[in-house]
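Undergrad: Contents of start_35.cif (mmCIF, C-alpha atoms) are below:
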data_structure
#
loop_
_atom_site.group_PDB
_atom_site.id
_atom_site.type_symbol
_atom_site.label_atom_id
_atom_site.label_comp_id
_atom_site.auth_asym_id
_atom_site.auth_seq_id
_atom_site.Cartn_x
_atom_site.Cartn_y
_atom_site.Cartn_z
ATOM 1 C CA MET A 14 88.705 79.779 120.331
ATOM 2 C CA SER A 15 90.208 82.871 121.905
ATOM 3 C CA GLU A 16 88.955 84.293 125.150
ATOM 4 C CA THR A 17 87.014 87.535 125.490
ATOM 5 C CA ARG A 18 88.350 89.883 128.134
ATOM 6 C CA VAL A 19 85.146 91.565 129.302
ATOM 7 C CA GLY A 20 85.534 95.243 130.160
ATOM 8 C CA ALA A 21 89.296 95.044 129.609
ATOM 9 C CA ILE A 22 89.464 98.664 128.420
ATOM 10 C CA THR A 23 87.145 101.646 128.199
ATOM 11 C CA LEU A 24 85.955 103.920 125.415
ATOM 12 C CA LYS A 25 85.253 107.327 126.957
ATOM 13 C CA GLY A 26 84.568 105.579 130.254
ATOM 14 C CA THR A 27 82.344 102.792 128.868
ATOM 15 C CA PRO A 28 83.726 99.280 129.472
ATOM 16 C CA THR A 29 84.758 97.615 126.205
ATOM 17 C CA ASP A 30 85.607 93.981 125.571
ATOM 18 C CA LEU A 31 88.712 92.646 123.847
ATOM 19 C CA ALA A 32 89.059 89.309 122.055
ATOM 20 C CA GLY A 33 92.210 87.304 122.563
ATOM 21 C CA SER A 34 94.624 86.692 125.377
ATOM 22 C CA GLU A 35 96.651 89.449 126.954
ATOM 23 C CA LEU A 36 100.340 89.218 126.044
ATOM 24 C CA LYS A 37 103.016 89.736 128.687
ATOM 25 C CA VAL A 38 106.669 90.762 128.701
ATOM 26 C CA GLY A 39 108.711 87.613 128.074
ATOM 27 C CA ASP A 40 106.165 86.039 125.691
ATOM 28 C CA ALA A 41 107.156 85.211 122.133
ATOM 29 C CA ALA A 42 105.631 87.791 119.797
ATOM 30 C CA PRO A 43 103.015 86.116 117.586
ATOM 31 C CA ASP A 44 103.871 86.148 113.894
ATOM 32 C CA PHE A 45 101.360 87.792 111.586
ATOM 33 C CA ILE A 46 100.528 88.465 107.965
ATOM 34 C CA LEU A 47 99.371 92.035 107.366
ATOM 35 C CA GLN A 48 99.152 94.212 104.276
ATOM 36 C CA ASN A 49 101.351 97.255 103.664
ATOM 37 C CA ILE A 50 100.441 100.377 101.683
ATOM 38 C CA ASP A 51 101.728 98.727 98.490
ATOM 39 C CA LEU A 52 99.289 95.822 99.062
ATOM 40 C CA GLU A 53 102.155 93.427 99.835
ATOM 41 C CA ASN A 54 101.978 90.827 102.581
ATOM 42 C CA VAL A 55 104.261 91.560 105.515
ATOM 43 C CA SER A 56 104.998 89.307 108.477
ATOM 44 C CA LEU A 57 106.908 89.752 111.709
ATOM 45 C CA ASN A 58 109.514 87.475 110.127
ATOM 46 C CA SER A 59 109.981 90.174 107.440
ATOM 47 C CA PHE A 60 111.867 92.103 110.142
ATOM 48 C CA ALA A 61 113.925 89.176 111.483
ATOM 49 C CA GLY A 62 117.083 90.338 113.227
ATOM 50 C CA LYS A 63 115.619 93.771 114.037
ATOM 51 C CA ALA A 64 113.776 94.973 117.076
ATOM 52 C CA CYS A 65 110.245 96.188 116.347
ATOM 53 C CA MET A 66 107.951 98.684 117.979
ATOM 54 C CA ILE A 67 104.360 97.745 117.139
ATOM 55 C CA ALA A 68 101.706 100.343 117.949
ATOM 56 C CA THR A 69 98.083 99.355 117.386
ATOM 57 C CA VAL A 70 95.440 102.030 116.893
ATOM 58 C CA PRO A 71 91.707 102.046 116.091
ATOM 59 C CA SER A 72 92.039 104.313 113.004
ATOM 60 C CA LEU A 73 94.524 106.854 111.678
ATOM 61 C CA ASP A 74 91.553 109.119 110.919
ATOM 62 C CA THR A 75 90.759 109.757 114.592
ATOM 63 C CA PRO A 76 92.373 112.628 116.527
ATOM 64 C CA VAL A 77 94.270 110.550 119.124
ATOM 65 C CA CYS A 78 95.507 107.949 116.597
ATOM 66 C CA HIS A 79 96.527 110.750 114.231
ATOM 67 C CA ALA A 80 98.506 112.520 116.973
ATOM 68 C CA GLU A 81 99.993 109.263 118.284
ATOM 69 C CA THR A 82 101.280 108.154 114.885
ATOM 70 C CA LYS A 83 102.748 111.590 114.126
ATOM 71 C CA ASN A 84 104.405 111.605 117.578
ATOM 72 C CA ILE A 85 105.854 108.111 117.117
ATOM 73 C CA ASN A 86 107.094 109.086 113.653
ATOM 74 C CA GLU A 87 108.954 112.073 115.123
ATOM 75 C CA GLN A 88 110.314 110.391 118.238
ATOM 76 C CA THR A 89 111.611 107.256 116.507
ATOM 77 C CA LYS A 90 113.386 108.847 113.517
ATOM 78 C CA ASN A 91 116.818 108.145 114.969
ATOM 79 C CA LEU A 92 116.219 104.578 116.147
ATOM 80 C CA ALA A 93 118.415 102.902 113.546
ATOM 81 C CA ASN A 94 117.953 99.296 114.675
ATOM 82 C CA VAL A 95 114.231 99.428 115.449
ATOM 83 C CA LYS A 96 111.512 98.971 112.847
ATOM 84 C CA VAL A 97 108.439 100.989 113.811
ATOM 85 C CA LEU A 98 105.044 99.609 112.779
ATOM 86 C CA VAL A 99 101.607 101.146 113.253
ATOM 87 C CA VAL A 100 98.796 98.641 112.739
ATOM 88 C CA SER A 101 95.119 99.429 112.259
ATOM 89 C CA MET A 102 92.089 98.034 110.443
ATOM 90 C CA ASP A 103 92.245 100.993 108.030
ATOM 91 C CA LEU A 104 92.528 99.923 104.398
ATOM 92 C CA PRO A 105 96.023 100.218 102.900
ATOM 93 C CA PHE A 106 94.719 102.879 100.467
ATOM 94 C CA GLY A 107 93.613 105.069 103.373
ATOM 95 C CA GLN A 108 96.880 104.484 105.227
ATOM 96 C CA LYS A 109 98.865 105.493 102.131
ATOM 97 C CA ARG A 110 96.765 108.637 101.656
ATOM 98 C CA TRP A 111 97.092 109.545 105.341
ATOM 99 C CA CYS A 112 100.878 109.009 105.454
ATOM 100 C CA GLY A 113 101.332 111.061 102.282
ATOM 101 C CA SER A 114 99.195 113.965 103.467
ATOM 102 C CA GLU A 115 100.861 113.979 106.917
ATOM 103 C CA GLY A 116 104.469 113.490 105.751
ATOM 104 C CA VAL A 117 104.842 110.301 107.816
ATOM 105 C CA GLU A 118 107.813 108.468 106.312
ATOM 106 C CA ASP A 119 109.644 106.813 109.208
ATOM 107 C CA VAL A 120 106.798 104.574 110.347
ATOM 108 C CA THR A 121 105.509 101.559 108.424
ATOM 109 C CA THR A 122 101.719 101.385 108.502
ATOM 110 C CA LEU A 123 100.177 97.937 108.184
ATOM 111 C CA SER A 124 96.558 96.956 107.708
ATOM 112 C CA ALA A 125 94.882 94.090 109.550
ATOM 113 C CA HIS A 126 91.666 94.502 107.512
ATOM 114 C CA ARG A 127 91.748 91.025 105.954
ATOM 115 C CA SER A 128 91.359 89.063 109.169
ATOM 116 C CA THR A 129 90.828 89.440 112.892
ATOM 117 C CA LYS A 130 93.699 87.005 113.610
ATOM 118 C CA PHE A 131 96.305 89.698 114.357
ATOM 119 C CA GLY A 132 93.940 91.458 116.752
ATOM 120 C CA GLU A 133 93.099 88.225 118.549
ATOM 121 C CA ASP A 134 96.721 87.027 118.701
ATOM 122 C CA TYR A 135 97.870 90.339 120.202
ATOM 123 C CA GLY A 136 94.786 90.680 122.421
ATOM 124 C CA VAL A 137 93.750 94.027 120.905
ATOM 125 C CA LEU A 138 90.646 93.154 118.865
ATOM 126 C CA ILE A 139 87.696 95.197 120.108
ATOM 127 C CA ALA A 140 84.704 92.867 120.490
ATOM 128 C CA GLY A 141 81.438 94.797 120.334
ATOM 129 C CA GLY A 142 80.373 98.385 120.739
ATOM 130 C CA PRO A 143 80.865 101.275 118.321
ATOM 131 C CA LEU A 144 84.481 100.255 117.498
ATOM 132 C CA ASP A 145 83.691 96.550 116.960
ATOM 133 C CA ARG A 146 86.485 94.848 114.943
ATOM 134 C CA CYS A 147 88.850 97.819 115.307
ATOM 135 C CA LEU A 148 92.106 97.437 117.214
ATOM 136 C CA ALA A 149 92.564 98.818 120.704
ATOM 137 C CA ARG A 150 95.418 101.186 121.468
ATOM 138 C CA ALA A 151 98.535 99.295 122.587
ATOM 139 C CA VAL A 152 102.323 99.346 122.203
ATOM 140 C CA PHE A 153 104.552 96.285 121.982
ATOM 141 C CA ILE A 154 108.350 96.165 121.743
ATOM 142 C CA VAL A 155 109.767 92.983 120.233
ATOM 143 C CA ASN A 156 113.506 92.321 120.587
ATOM 144 C CA ARG A 157 115.727 90.828 117.861
ATOM 145 C CA GLU A 158 114.960 87.335 119.158
ATOM 146 C CA GLY A 159 111.200 87.830 118.786
ATOM 147 C CA ILE A 160 110.472 88.209 122.510
ATOM 148 C CA LEU A 161 108.217 90.928 123.926
ATOM 149 C CA THR A 162 110.225 93.320 126.090
ATOM 150 C CA HIS A 163 107.467 95.920 126.571
ATOM 151 C CA VAL A 164 103.679 95.583 126.528
ATOM 152 C CA GLN A 165 101.202 98.369 127.211
ATOM 153 C CA TYR A 166 97.474 98.002 126.667
ATOM 154 C CA VAL A 167 96.148 101.545 126.994
ATOM 155 C CA LYS A 168 93.225 101.248 129.418
ATOM 156 C CA GLU A 169 91.237 104.168 127.925
ATOM 157 C CA ILE A 170 91.051 104.150 124.107
ATOM 158 C CA ALA A 171 90.854 107.955 123.962
ATOM 159 C CA GLU A 172 94.201 108.356 125.796
ATOM 160 C CA HIS A 173 97.776 108.203 124.545
ATOM 161 C CA PRO A 174 100.208 105.429 125.418
ATOM 162 C CA ASN A 175 103.215 106.052 127.651
ATOM 163 C CA TYR A 176 105.652 107.116 124.937
ATOM 164 C CA ASP A 177 108.587 107.581 127.302
ATOM 165 C CA ALA A 178 108.353 104.018 128.652
ATOM 166 C CA ALA A 179 108.118 102.477 125.174
ATOM 167 C CA LEU A 180 110.959 104.594 123.790
ATOM 168 C CA ALA A 181 113.203 103.782 126.760
ATOM 169 C CA VAL A 182 112.789 100.056 126.080
ATOM 170 C CA ALA A 183 113.159 100.493 122.296
ATOM 171 C CA LYS A 184 116.408 102.418 122.739
ATOM 172 C CA GLY A 185 117.778 99.804 125.140
#
Please rewrite the model in this file as structure tokens.
TA:
Amino acid sequence: MSETRVGAITLKGTPTDLAGSELKVGDAAPDFILQNIDLENVSLNSFAGKACMIATVPSLDTPVCHAETKNINEQTKNLANVKVLVVSMDLPFGQKRWCGSEGVEDVTTLSAHRSTKFGEDYGVLIAGGPLDRCLARAVFIVNREGILTHVQYVKEIAEHPNYDAALAVAKG
């Protein structure tokens, strides 16, 4: 049973709980099975030998998540050896529609809608409140060996992550 981190983050100032343990730099990145926009299963092992930036968001259809994903798409275009993933509970059909309408081609969107396991393993599953079962906003950088080299849990869901810090680690 995973722990619940009570009041770990806020949603517009209201304390919000997260299920799962908080990951730290130096931890092994948990493997996962998520669904891509073509309804195929994708795991962290699918990107073996590459560094990965994993951004988790509540939903692509919210203003901050929309802006964040577009920003990440633009800022990571030239990162040749880094696979950029944006994970949400949005259905793959919605992710595909959103990416197509927004011209997002350099980011791989993945859906965690089938299970809460990814959210619990990465410590980003919102437990209760209006966004229950959505993913909290966070950014993880995983090196080629599968070790976390950057972890940021955004403390306020309505705020953006520190793009500069994540990009500096991804480029290194």
Undergrad: Could you check how far atom CA of A:Val155 sits from atom CA of A:Glu87, in Å to one decimal?
TA: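 About the pair atom CA of A:Val155 and atom CA of A:Glu87: they are 19.8 Å apart.
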Undergrad: Under the rule that only C-alpha atoms are counted, which of A:Met102, A:Val137, A:Ala171, A:Ala179 is the nearest residue to A:Leu36?
TA: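 Of the candidates, the smallest distance to A:Leu36 is held by A:Val137.
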Undergrad: Report as a list of chain:residue names all protein, DNA and RNA residues lying within 8 Å of stretch 60-68 of chain A, evaluated on only C-alpha atoms, omitting residues in the same chain fewer than 6 positions from it.
TA: A:Asn94, A:Val95, A:Lys96, A:Val97, A:Leu98, A:Val99, A:Val100, A:Arg150, A:Ala151, A:Val152, A:Phe153, A:Ile154, A:Val155, A:Asn156, A:Arg157, A:Glu158, A:Gly159, A:Ala183
Undergrad: Care to translate the PyMOL selection byres ((chain A and resi 29) around 12) into actual residues of this file, as a VMD selection string?
TA: chain A and resid 17 to 28 30 to 32 137 to 149 168 to 170
Undergrad: Considering all atoms listed in the file, state which residue in the set A:Glu118, A:Leu57, A:Gly136, A:Lys130 is at the smallest distance from A:Thr89.
TA: A:Glu118
Undergrad: So what do you get for atom CA of A:Asp134 versus atom CA of A:Ser34, distance-wise?
TA: 7.0 Å
Undergrad: Give me stretch 154-171 of chain A with N, CA and C atoms filled in, as a compact mmCIF listing (two decimals), keeping the file's coordinate frame.
TA:
# COMPACT_ATOMS: atom_id res chain seq x y z
N ILE A 154 106.97 96.15 122.23
CA ILE A 154 108.35 96.16 121.74
C ILE A 154 108.80 94.71 121.66
N VAL A 155 109.30 94.34 120.49
CA VAL A 155 109.77 92.98 120.23
C VAL A 155 111.27 93.05 120.01
N ASN A 156 112.05 92.28 120.77
CA ASN A 156 113.51 92.32 120.59
C ASN A 156 113.93 91.51 119.35
N ARG A 157 115.20 91.51 119.06
CA ARG A 157 115.73 90.83 117.86
C ARG A 157 115.44 89.33 117.86
N GLU A 158 115.23 88.76 119.04
CA GLU A 158 114.96 87.34 119.16
C GLU A 158 113.47 87.02 119.09
N GLY A 159 112.64 88.05 118.90
CA GLY A 159 111.20 87.83 118.79
C GLY A 159 110.46 87.75 120.11
N ILE A 160 111.08 88.24 121.18
CA ILE A 160 110.47 88.21 122.51
C ILE A 160 109.96 89.60 122.87
N LEU A 161 108.79 89.65 123.49
CA LEU A 161 108.22 90.93 123.93
C LEU A 161 108.98 91.46 125.13
N THR A 162 109.49 92.68 125.00
CA THR A 162 110.22 93.32 126.09
C THR A 162 109.44 94.49 126.70
N HIS A 163 108.34 94.85 126.06
CA HIS A 163 107.47 95.92 126.57
C HIS A 163 106.07 95.65 126.04
N VAL A 164 105.08 95.74 126.91
CA VAL A 164 103.68 95.58 126.53
C VAL A 164 102.88 96.62 127.29
N GLN A 165 102.13 97.44 126.57
CA GLN A 165 101.20 98.37 127.21
C GLN A 165 99.87 98.34 126.47
N TYR A 166 98.84 97.89 127.16
CA TYR A 166 97.47 98.00 126.67
C TYR A 166 96.93 99.28 127.29
N VAL A 167 96.64 100.27 126.48
CA VAL A 167 96.15 101.54 126.99
C VAL A 167 94.72 101.31 127.50
N LYS A 168 94.50 101.59 128.77
CA LYS A 168 93.22 101.25 129.42
C LYS A 168 92.04 102.07 128.91
N GLU A 169 92.29 103.30 128.47
CA GLU A 169 91.24 104.17 127.92
C GLU A 169 91.60 104.47 126.47
N ILE A 170 90.76 104.03 125.55
CA ILE A 170 91.05 104.15 124.11
C ILE A 170 91.34 105.59 123.70
N ALA A 171 90.70 106.55 124.34
CA ALA A 171 90.85 107.96 123.96
C ALA A 171 92.12 108.60 124.54
